[in-house]
>>> print(open('coords_11.pdb').read())   # PDB, C-alpha atoms
ATOM      1  CA  MET R   1     197.545  77.117 130.529  1.00  0.00           C
ATOM      2  CA  LYS R   2     195.376  74.393 129.007  1.00  0.00           C
ATOM      3  CA  LYS R   3     194.080  75.049 125.515  1.00  0.00           C
ATOM      4  CA  ILE R   4     190.868  73.545 124.205  1.00  0.00           C
ATOM      5  CA  ILE R   5     189.574  73.895 120.683  1.00  0.00           C
ATOM      6  CA  ALA R   6     186.161  72.773 119.502  1.00  0.00           C
ATOM      7  CA  ILE R   7     185.897  72.148 115.766  1.00  0.00           C
ATOM      8  CA  ILE R   8     182.210  72.178 114.884  1.00  0.00           C
ATOM      9  CA  GLY R   9     181.067  71.122 111.415  1.00  0.00           C
ATOM     10  CA  SER R  10     178.095  73.424 111.235  1.00  0.00           C
ATOM     11  CA  GLU R  11     177.227  76.147 108.756  1.00  0.00           C
ATOM     12  CA  LYS R  12     175.629  78.065 111.609  1.00  0.00           C
ATOM     13  CA  PRO R  13     177.585  80.533 113.728  1.00  0.00           C
ATOM     14  CA  ALA R  14     178.862  78.894 116.918  1.00  0.00           C
ATOM     15  CA  THR R  15     176.424  81.007 118.947  1.00  0.00           C
ATOM     16  CA  ASN R  16     173.433  79.457 117.115  1.00  0.00           C
ATOM     17  CA  SER R  17     174.624  75.861 116.804  1.00  0.00           C
ATOM     18  CA  ILE R  18     173.222  73.156 119.087  1.00  0.00           C
ATOM     19  CA  THR R  19     176.401  71.128 118.529  1.00  0.00           C
ATOM     20  CA  ALA R  20     178.600  74.102 119.443  1.00  0.00           C
ATOM     21  CA  ASN R  21     176.479  74.705 122.550  1.00  0.00           C
ATOM     22  CA  LEU R  22     177.019  71.073 123.563  1.00  0.00           C
ATOM     23  CA  ALA R  23     180.782  71.556 123.221  1.00  0.00           C
ATOM     24  CA  LYS R  24     180.558  74.829 125.162  1.00  0.00           C
ATOM     25  CA  SER R  25     178.741  73.157 128.057  1.00  0.00           C
ATOM     26  CA  LEU R  26     181.525  70.562 128.312  1.00  0.00           C
ATOM     27  CA  ILE R  27     184.180  73.279 128.169  1.00  0.00           C
ATOM     28  CA  ASP R  28     182.375  75.248 130.892  1.00  0.00           C
ATOM     29  CA  LYS R  29     182.396  72.205 133.195  1.00  0.00           C
ATOM     30  CA  ILE R  30     186.149  71.888 132.712  1.00  0.00           C
ATOM     31  CA  ALA R  31     186.886  75.616 132.990  1.00  0.00           C
ATOM     32  CA  ASN R  32     184.843  75.915 136.188  1.00  0.00           C
ATOM     33  CA  ARG R  33     187.118  73.360 137.870  1.00  0.00           C
ATOM     34  CA  LEU R  34     190.510  74.339 136.471  1.00  0.00           C
ATOM     35  CA  ASP R  35     192.465  77.563 136.401  1.00  0.00           C
ATOM     36  CA  ASP R  36     194.014  78.805 133.189  1.00  0.00           C
ATOM     37  CA  VAL R  37     191.780  77.235 130.577  1.00  0.00           C
ATOM     38  CA  GLU R  38     191.753  78.984 127.222  1.00  0.00           C
ATOM     39  CA  TYR R  39     189.301  77.831 124.585  1.00  0.00           C
ATOM     40  CA  GLU R  40     187.913  78.568 121.168  1.00  0.00           C
ATOM     41  CA  ILE R  41     184.787  77.231 119.526  1.00  0.00           C
ATOM     42  CA  LEU R  42     185.352  77.248 115.806  1.00  0.00           C
ATOM     43  CA  SER R  43     182.341  76.755 113.555  1.00  0.00           C
ATOM     44  CA  LEU R  44     183.628  75.552 110.188  1.00  0.00           C
ATOM     45  CA  GLY R  45     180.813  77.415 108.433  1.00  0.00           C
ATOM     46  CA  GLU R  46     182.334  80.686 109.653  1.00  0.00           C
ATOM     47  CA  GLN R  47     185.748  79.816 108.211  1.00  0.00           C
ATOM     48  CA  ASN R  48     187.067  80.295 104.704  1.00  0.00           C
ATOM     49  CA  LEU R  49     187.379  76.641 103.688  1.00  0.00           C
ATOM     50  CA  MET R  50     187.313  75.852  99.998  1.00  0.00           C
ATOM     51  CA  ILE R  51     185.933  72.580  98.715  1.00  0.00           C
ATOM     52  CA  CYS R  52     188.509  69.807  98.313  1.00  0.00           C
ATOM     53  CA  LYS R  53     189.383  69.444  94.622  1.00  0.00           C
ATOM     54  CA  GLY R  54     190.462  65.809  94.958  1.00  0.00           C
ATOM     55  CA  CYS R  55     193.717  66.662  93.162  1.00  0.00           C
ATOM     56  CA  ARG R  56     195.807  64.707  95.714  1.00  0.00           C
ATOM     57  CA  ARG R  57     198.652  67.219  95.442  1.00  0.00           C
ATOM     58  CA  CYS R  58     198.641  67.228  99.243  1.00  0.00           C
ATOM     59  CA  SER R  59     199.951  63.658  99.020  1.00  0.00           C
ATOM     60  CA  LYS R  60     202.953  64.892  97.028  1.00  0.00           C
ATOM     61  CA  ASN R  61     203.541  68.254  98.744  1.00  0.00           C
ATOM     62  CA  GLY R  62     202.606  67.306 102.321  1.00  0.00           C
ATOM     63  CA  LYS R  63     200.035  70.093 102.415  1.00  0.00           C
ATOM     64  CA  CYS R  64     196.932  71.270 100.618  1.00  0.00           C
ATOM     65  CA  ILE R  65     197.521  73.697  97.753  1.00  0.00           C
ATOM     66  CA  LEU R  66     194.316  75.662  98.379  1.00  0.00           C
ATOM     67  CA  ASN R  67     194.901  79.031 100.015  1.00  0.00           C
ATOM     68  CA  ASP R  68     192.329  79.483 102.781  1.00  0.00           C
ATOM     69  CA  ASP R  69     191.956  79.028 106.557  1.00  0.00           C
ATOM     70  CA  LEU R  70     192.917  75.341 106.704  1.00  0.00           C
ATOM     71  CA  ASP R  71     196.527  75.920 107.821  1.00  0.00           C
ATOM     72  CA  LYS R  72     195.326  78.251 110.587  1.00  0.00           C
ATOM     73  CA  ILE R  73     192.863  75.613 111.827  1.00  0.00           C
ATOM     74  CA  ILE R  74     195.528  72.892 111.728  1.00  0.00           C
ATOM     75  CA  GLU R  75     197.885  75.044 113.819  1.00  0.00           C
ATOM     76  CA  LYS R  76     195.135  75.661 116.365  1.00  0.00           C
ATOM     77  CA  ILE R  77     194.550  71.925 116.682  1.00  0.00           C
ATOM     78  CA  LYS R  78     198.273  71.227 117.039  1.00  0.00           C
ATOM     79  CA  SER R  79     198.642  73.817 119.796  1.00  0.00           C
ATOM     80  CA  SER R  80     195.618  72.554 121.771  1.00  0.00           C
ATOM     81  CA  ASP R  81     195.644  70.157 124.708  1.00  0.00           C
ATOM     82  CA  LEU R  82     192.128  68.891 123.993  1.00  0.00           C
ATOM     83  CA  ILE R  83     190.125  68.806 120.777  1.00  0.00           C
ATOM     84  CA  ILE R  84     186.354  68.600 120.738  1.00  0.00           C
ATOM     85  CA  ILE R  85     185.151  67.430 117.333  1.00  0.00           C
ATOM     86  CA  GLY R  86     181.514  67.759 116.417  1.00  0.00           C
ATOM     87  CA  SER R  87     178.917  67.820 113.713  1.00  0.00           C
ATOM     88  CA  PRO R  88     175.169  67.988 113.503  1.00  0.00           C
ATOM     89  CA  VAL R  89     173.626  64.910 111.907  1.00  0.00           C
ATOM     90  CA  HIS R  90     172.585  65.647 108.315  1.00  0.00           C
ATOM     91  CA  ILE R  91     170.718  62.821 106.582  1.00  0.00           C
ATOM     92  CA  SER R  92     172.230  60.136 108.874  1.00  0.00           C
ATOM     93  CA  HIS R  93     175.811  61.414 108.607  1.00  0.00           C
ATOM     94  CA  VAL R  94     178.148  64.313 109.313  1.00  0.00           C
ATOM     95  CA  SER R  95     177.410  67.628 107.651  1.00  0.00           C
ATOM     96  CA  ALA R  96     178.884  68.374 104.226  1.00  0.00           C
ATOM     97  CA  THR R  97     180.907  71.152 105.877  1.00  0.00           C
ATOM     98  CA  TYR R  98     182.528  68.686 108.285  1.00  0.00           C
ATOM     99  CA  LYS R  99     183.095  66.090 105.549  1.00  0.00           C
ATOM    100  CA  ASN R 100     184.870  68.685 103.406  1.00  0.00           C
ATOM    101  CA  PHE R 101     187.094  69.569 106.370  1.00  0.00           C
ATOM    102  CA  LEU R 102     188.057  65.903 106.709  1.00  0.00           C
ATOM    103  CA  ASP R 103     188.689  65.606 102.977  1.00  0.00           C
ATOM    104  CA  ARG R 104     191.043  68.569 103.283  1.00  0.00           C
ATOM    105  CA  LEU R 105     192.899  66.783 106.117  1.00  0.00           C
ATOM    106  CA  HIS R 106     193.582  63.791 103.857  1.00  0.00           C
ATOM    107  CA  VAL R 107     197.380  64.005 103.973  1.00  0.00           C
ATOM    108  CA  LEU R 108     197.386  64.313 107.781  1.00  0.00           C
ATOM    109  CA  MET R 109     195.990  60.801 108.002  1.00  0.00           C
ATOM    110  CA  HIS R 110     199.407  59.712 106.744  1.00  0.00           C
ATOM    111  CA  THR R 111     201.668  62.172 108.580  1.00  0.00           C
ATOM    112  CA  PHE R 112     200.018  61.857 112.025  1.00  0.00           C
ATOM    113  CA  GLU R 113     200.533  65.488 113.001  1.00  0.00           C
ATOM    114  CA  PHE R 114     197.774  65.089 115.616  1.00  0.00           C
ATOM    115  CA  LEU R 115     199.276  61.926 117.099  1.00  0.00           C
ATOM    116  CA  GLY R 116     198.364  61.565 120.774  1.00  0.00           C
ATOM    117  CA  LYS R 117     195.948  64.508 120.858  1.00  0.00           C
ATOM    118  CA  PRO R 118     192.980  63.694 123.119  1.00  0.00           C
ATOM    119  CA  PHE R 119     189.536  64.320 121.653  1.00  0.00           C
ATOM    120  CA  VAL R 120     185.876  64.138 122.550  1.00  0.00           C
ATOM    121  CA  GLY R 121     183.344  63.545 119.780  1.00  0.00           C
ATOM    122  CA  VAL R 122     180.064  65.466 120.012  1.00  0.00           C
ATOM    123  CA  LEU R 123     176.989  65.605 117.835  1.00  0.00           C
ATOM    124  CA  SER R 124     173.411  66.775 117.792  1.00  0.00           C
ATOM    125  CA  THR R 125     170.506  65.137 116.037  1.00  0.00           C
ATOM    126  CA  ASN R 126     166.766  65.426 115.665  1.00  0.00           C
ATOM    127  CA  GLY R 127     166.466  61.728 116.365  1.00  0.00           C
ATOM    128  CA  SER R 128     168.246  59.496 113.864  1.00  0.00           C
ATOM    129  CA  GLY R 129     171.625  58.715 112.381  1.00  0.00           C
ATOM    130  CA  GLU R 130     173.547  59.293 115.579  1.00  0.00           C
ATOM    131  CA  GLU R 131     175.214  55.874 115.801  1.00  0.00           C
ATOM    132  CA  ASP R 132     176.764  55.901 112.331  1.00  0.00           C
ATOM    133  CA  THR R 133     177.667  59.581 112.612  1.00  0.00           C
ATOM    134  CA  ILE R 134     179.498  59.386 115.939  1.00  0.00           C
ATOM    135  CA  LYS R 135     181.201  56.189 114.781  1.00  0.00           C
ATOM    136  CA  TYR R 136     182.476  58.076 111.719  1.00  0.00           C
ATOM    137  CA  ILE R 137     183.637  61.089 113.762  1.00  0.00           C
ATOM    138  CA  ASN R 138     185.510  58.812 116.161  1.00  0.00           C
ATOM    139  CA  HIS R 139     186.959  56.626 113.404  1.00  0.00           C
ATOM    140  CA  THR R 140     188.354  59.536 111.411  1.00  0.00           C
ATOM    141  CA  ALA R 141     189.840  61.169 114.523  1.00  0.00           C
ATOM    142  CA  LEU R 142     191.554  57.880 115.350  1.00  0.00           C
ATOM    143  CA  LEU R 143     192.893  57.731 111.771  1.00  0.00           C
ATOM    144  CA  LEU R 144     194.439  61.149 112.455  1.00  0.00           C
ATOM    145  CA  GLY R 145     196.235  59.632 115.470  1.00  0.00           C
ATOM    146  CA  MET R 146     194.038  61.155 118.164  1.00  0.00           C
ATOM    147  CA  ILE R 147     193.021  59.430 121.397  1.00  0.00           C
ATOM    148  CA  LYS R 148     189.313  59.183 122.217  1.00  0.00           C
ATOM    149  CA  LEU R 149     188.187  60.282 125.668  1.00  0.00           C
ATOM    150  CA  GLY R 150     184.452  59.944 125.078  1.00  0.00           C
ATOM    151  CA  THR R 151     181.410  60.981 123.086  1.00  0.00           C
ATOM    152  CA  LEU R 152     178.386  63.148 123.761  1.00  0.00           C
ATOM    153  CA  ILE R 153     175.155  63.054 121.790  1.00  0.00           C
ATOM    154  CA  LYS R 154     172.374  65.628 122.098  1.00  0.00           C
ATOM    155  CA  PHE R 155     168.944  64.599 120.880  1.00  0.00           C
ATOM    156  CA  ASN R 156     167.385  67.970 120.118  1.00  0.00           C
ATOM    157  CA  ASN R 157     163.939  67.121 121.434  1.00  0.00           C
ATOM    158  CA  GLU R 158     165.032  65.147 124.530  1.00  0.00           C
ATOM    159  CA  THR R 159     166.655  65.890 127.867  1.00  0.00           C
ATOM    160  CA  PHE R 160     170.440  65.761 127.701  1.00  0.00           C
ATOM    161  CA  ASP R 161     172.387  63.175 129.751  1.00  0.00           C
ATOM    162  CA  GLU R 162     174.309  65.528 132.062  1.00  0.00           C
ATOM    163  CA  LYS R 163     175.774  62.592 134.018  1.00  0.00           C
ATOM    164  CA  LYS R 164     177.707  61.378 130.998  1.00  0.00           C
ATOM    165  CA  SER R 165     178.973  64.906 130.342  1.00  0.00           C
ATOM    166  CA  ASP R 166     180.032  65.136 134.014  1.00  0.00           C
ATOM    167  CA  ARG R 167     181.950  61.834 133.747  1.00  0.00           C
ATOM    168  CA  ILE R 168     183.783  62.946 130.619  1.00  0.00           C
ATOM    169  CA  SER R 169     184.663  66.339 132.116  1.00  0.00           C
ATOM    170  CA  GLU R 170     186.020  64.557 135.226  1.00  0.00           C
ATOM    171  CA  GLU R 171     188.234  62.372 133.022  1.00  0.00           C
ATOM    172  CA  ILE R 172     189.530  65.437 131.189  1.00  0.00           C
ATOM    173  CA  ILE R 173     190.259  67.249 134.455  1.00  0.00           C
ATOM    174  CA  LYS R 174     192.164  64.183 135.727  1.00  0.00           C
ATOM    175  CA  MET R 175     194.135  64.056 132.486  1.00  0.00           C
ATOM    176  CA  PHE R 176     195.039  67.744 132.741  1.00  0.00           C
ATOM    177  CA  ASN R 177     196.039  67.402 136.405  1.00  0.00           C
ATOM    178  CA  ILE R 178     198.204  64.314 135.872  1.00  0.00           C
ATOM    179  CA  LYS R 179     200.103  65.953 133.000  1.00  0.00           C
ATOM    180  CA  SER R 180     201.125  62.617 131.563  1.00  0.00           C
ATOM    181  CA  LYS R 181     200.838  61.470 127.994  1.00  0.00           C
ATOM    182  CA  LEU R 182     197.835  59.367 127.133  1.00  0.00           C
ATOM    183  CA  LYS R 183     198.354  56.039 125.489  1.00  0.00           C
ATOM    184  CA  PRO R 184     196.272  55.022 122.503  1.00  0.00           C
ATOM    185  CA  THR R 185     193.405  52.653 123.125  1.00  0.00           C
ATOM    186  CA  PHE R 186     192.050  50.241 120.574  1.00  0.00           C
TER     187      PHE R 186
END
>>> encode(input="coords_11.pdb", output="structure tokens")
Amino acid sequence: MKKIIAIIGSEKPATNSITANLAKSLIDKIANRLDDVEYEILSLGEQNLMICKGCRRCSKNGKCILNDDLDKIIEKIKSSDLIIIGSPVHISHVSATYKNFLDRLHVLMHTFEFLGKPFVGVLSTNGSGEEDTIKYINHTALLLGMIKLGTLIKFNNETFDEKKSDRISEEIIKMFNIKSKLKPTF
């Protein structure tokens, strides 16, 4: 069984999020070609995630002191074979919801608990800020030790590039079929 989790930094429910729908379309392409694919699309806005207090106790304790859904989300990422990470563009950057999630993962950028996990970065935009935003999503995932497989960007008022999505899904299918560890790329 291959497990895929999509972490979407939207306040909207996954069913109403353009970014979540982009992740879902990629997952569908993979699931239609492989048996035994289990997935979850997790909209951060539907989770109980408190705002990072900036106390840095996570640096001393190895984990955040706030009692909410963060540990559950971390375990889901750890147990997944592919992570899709996405955010809508809000004022030329990731959403505040996604940024808070990253702030809460601060200590994991030093413990590398996601080392070697393959990821695809996805985002949606009304027409600006996509370059800096996807660069940030990719950069922070790499800081967490993940391995980038590709990126997908959906311009909300334009036709989506299905060919790029097809290429990325083909790469993921190959990776799942080979069953070998990916090596980091720089």
>>> closest_residue(input="coords_11.pdb", among="R:Ile178, R:Ile18, R:Ile8, R:Cys58", to="R:Ile41", atoms="only C-alpha atoms")
R:Ile8
>>> resolve_selection(input="coords_11.pdb", expression="the PyMOL selection byres ((chain R and resi 122) around 6)", output="list in words")
Gly86, Gly121, Leu123, Thr151, Leu152 and Ile153 of chain R
>>> closest_residue(input="coords_11.pdb", among="R:Asp132, R:Asp166, R:Glu11, R:Glu171", to="R:Leu26", atoms="only C-alpha atoms")
R:Asp166
>>> closest_residue(input="coords_11.pdb", among="R:Leu42, R:Ala141, R:Leu22, R:Ile172", to="R:Lys76", atoms="only C-alpha atoms")
R:Leu42
>>> closest_residue(input="coords_11.pdb", among="R:Thr111, R:Thr19, R:Asn138, R:Ser25", to="R:Ile168", atoms="only C-alpha atoms")
R:Ser25
>>> resolve_selection(input="coords_11.pdb", expression="the PyMOL selection byres ((chain R and resi 74) around 12)", output="PyMOL selection string")
chain R and resi 5+7+42+63-64+68-73+75-80+83+101-102+104-105+107-108+112-114+144
>>> atom_distance(input="coords_11.pdb", atom1="atom CA of R:Thr140", atom2="atom CA of R:Lys164")
22.4 Å
>>> axis_aligned_box(input="coords_11.pdb", around="stretch 105-109 of chain R", padding_each_side="6 Å", output="AutoDock Vina command-line options")
--center_x 195.1 --center_y 63.8 --center_z 105.9 --size_x 16.5 --size_y 18.0 --size_z 16.1
>>> resolve_selection(input="coords_11.pdb", expression="the PyMOL selection byres ((chain R and resi 10) around 10)", output="JSON, numbers by chain")
{"R": [7, 8, 9, 11, 12, 13, 14, 16, 17, 18, 19, 20, 42, 43, 44, 45, 46, 86, 87, 88, 89, 90, 94, 95, 96, 97, 98]}
>>> atom_distance(input="coords_11.pdb", atom1="atom CA of R:Glu158", atom2="atom CA of R:Asp28")
21.1 Å
>>> closest_residue(input="coords_11.pdb", among="R:Phe176, R:Met109, R:Asn67, R:Phe160", to="R:Val37", atoms="all atoms listed in the file")
R:Phe176
>>> atom_distance(input="coords_11.pdb", atom1="atom CA of R:Ser165", atom2="atom CA of R:Leu115")
24.4 Å
>>> residues_around(input="coords_11.pdb", residues="R:Leu149", least_positions_apart="3", cutoff="7 Å", atoms="all atoms listed in the file", output="list in words")
Pro118, Phe119 and Val120 of chain R
>>> residues_near_point(input="coords_11.pdb", point="(186.0, 73.4, 98.8)", cutoff="10 Å", atoms="only C-alpha atoms", output="number ranges by chain")
R: 48-54, 66, 68, 97, 100-101, 103-104
>>> closest_residue(input="coords_11.pdb", among="R:Asn126, R:Ile27, R:Tyr136, R:Glu131", to="R:Phe155", atoms="all atoms listed in the file")
R:Asn126
>>> decode(input="coords_11.pdb", residues="stretch 68-97 of chain R", atoms="C-alpha atoms", output="PDB file, in the first residue's frame")
ATOM      1  CA  ASP R  68      -3.308  20.368  19.415  1.00  0.00           C
ATOM      2  CA  ASP R  69      -3.303  18.377  16.154  1.00  0.00           C
ATOM      3  CA  LEU R  70       0.338  18.997  15.206  1.00  0.00           C
ATOM      4  CA  ASP R  71       1.649  15.633  16.462  1.00  0.00           C
ATOM      5  CA  LYS R  72      -1.104  13.815  14.554  1.00  0.00           C
ATOM      6  CA  ILE R  73      -0.183  15.661  11.343  1.00  0.00           C
ATOM      7  CA  ILE R  74       3.524  14.931  11.834  1.00  0.00           C
ATOM      8  CA  GLU R  75       2.796  11.209  12.255  1.00  0.00           C
ATOM      9  CA  LYS R  76       0.719  11.211   9.074  1.00  0.00           C
ATOM     10  CA  ILE R  77       3.595  12.784   7.163  1.00  0.00           C
ATOM     11  CA  LYS R  78       6.096  10.301   8.598  1.00  0.00           C
ATOM     12  CA  SER R  79       3.932   7.334   7.619  1.00  0.00           C
ATOM     13  CA  SER R  80       3.351   8.580   4.048  1.00  0.00           C
ATOM     14  CA  ASP R  81       5.265   7.573   0.935  1.00  0.00           C
ATOM     15  CA  LEU R  82       4.569  10.871  -0.831  1.00  0.00           C
ATOM     16  CA  ILE R  83       3.771  14.308   0.551  1.00  0.00           C
ATOM     17  CA  ILE R  84       2.003  16.954  -1.483  1.00  0.00           C
ATOM     18  CA  ILE R  85       2.554  20.373   0.071  1.00  0.00           C
ATOM     19  CA  GLY R  86       0.442  23.291  -1.024  1.00  0.00           C
ATOM     20  CA  SER R  87      -0.813  26.748  -0.295  1.00  0.00           C
ATOM     21  CA  PRO R  88      -2.881  29.350  -2.049  1.00  0.00           C
ATOM     22  CA  VAL R  89      -0.964  32.548  -2.758  1.00  0.00           C
ATOM     23  CA  HIS R  90      -1.951  35.272  -0.280  1.00  0.00           C
ATOM     24  CA  ILE R  91      -0.410  38.683  -0.963  1.00  0.00           C
ATOM     25  CA  SER R  92       2.550  37.192  -2.902  1.00  0.00           C
ATOM     26  CA  HIS R  93       3.319  34.473  -0.344  1.00  0.00           C
ATOM     27  CA  VAL R  94       2.011  31.374   1.402  1.00  0.00           C
ATOM     28  CA  SER R  95      -1.120  31.708   3.495  1.00  0.00           C
ATOM     29  CA  ALA R  96      -0.823  32.625   7.174  1.00  0.00           C
ATOM     30  CA  THR R  97      -2.238  29.178   7.983  1.00  0.00           C
TER      31      THR R  97
END
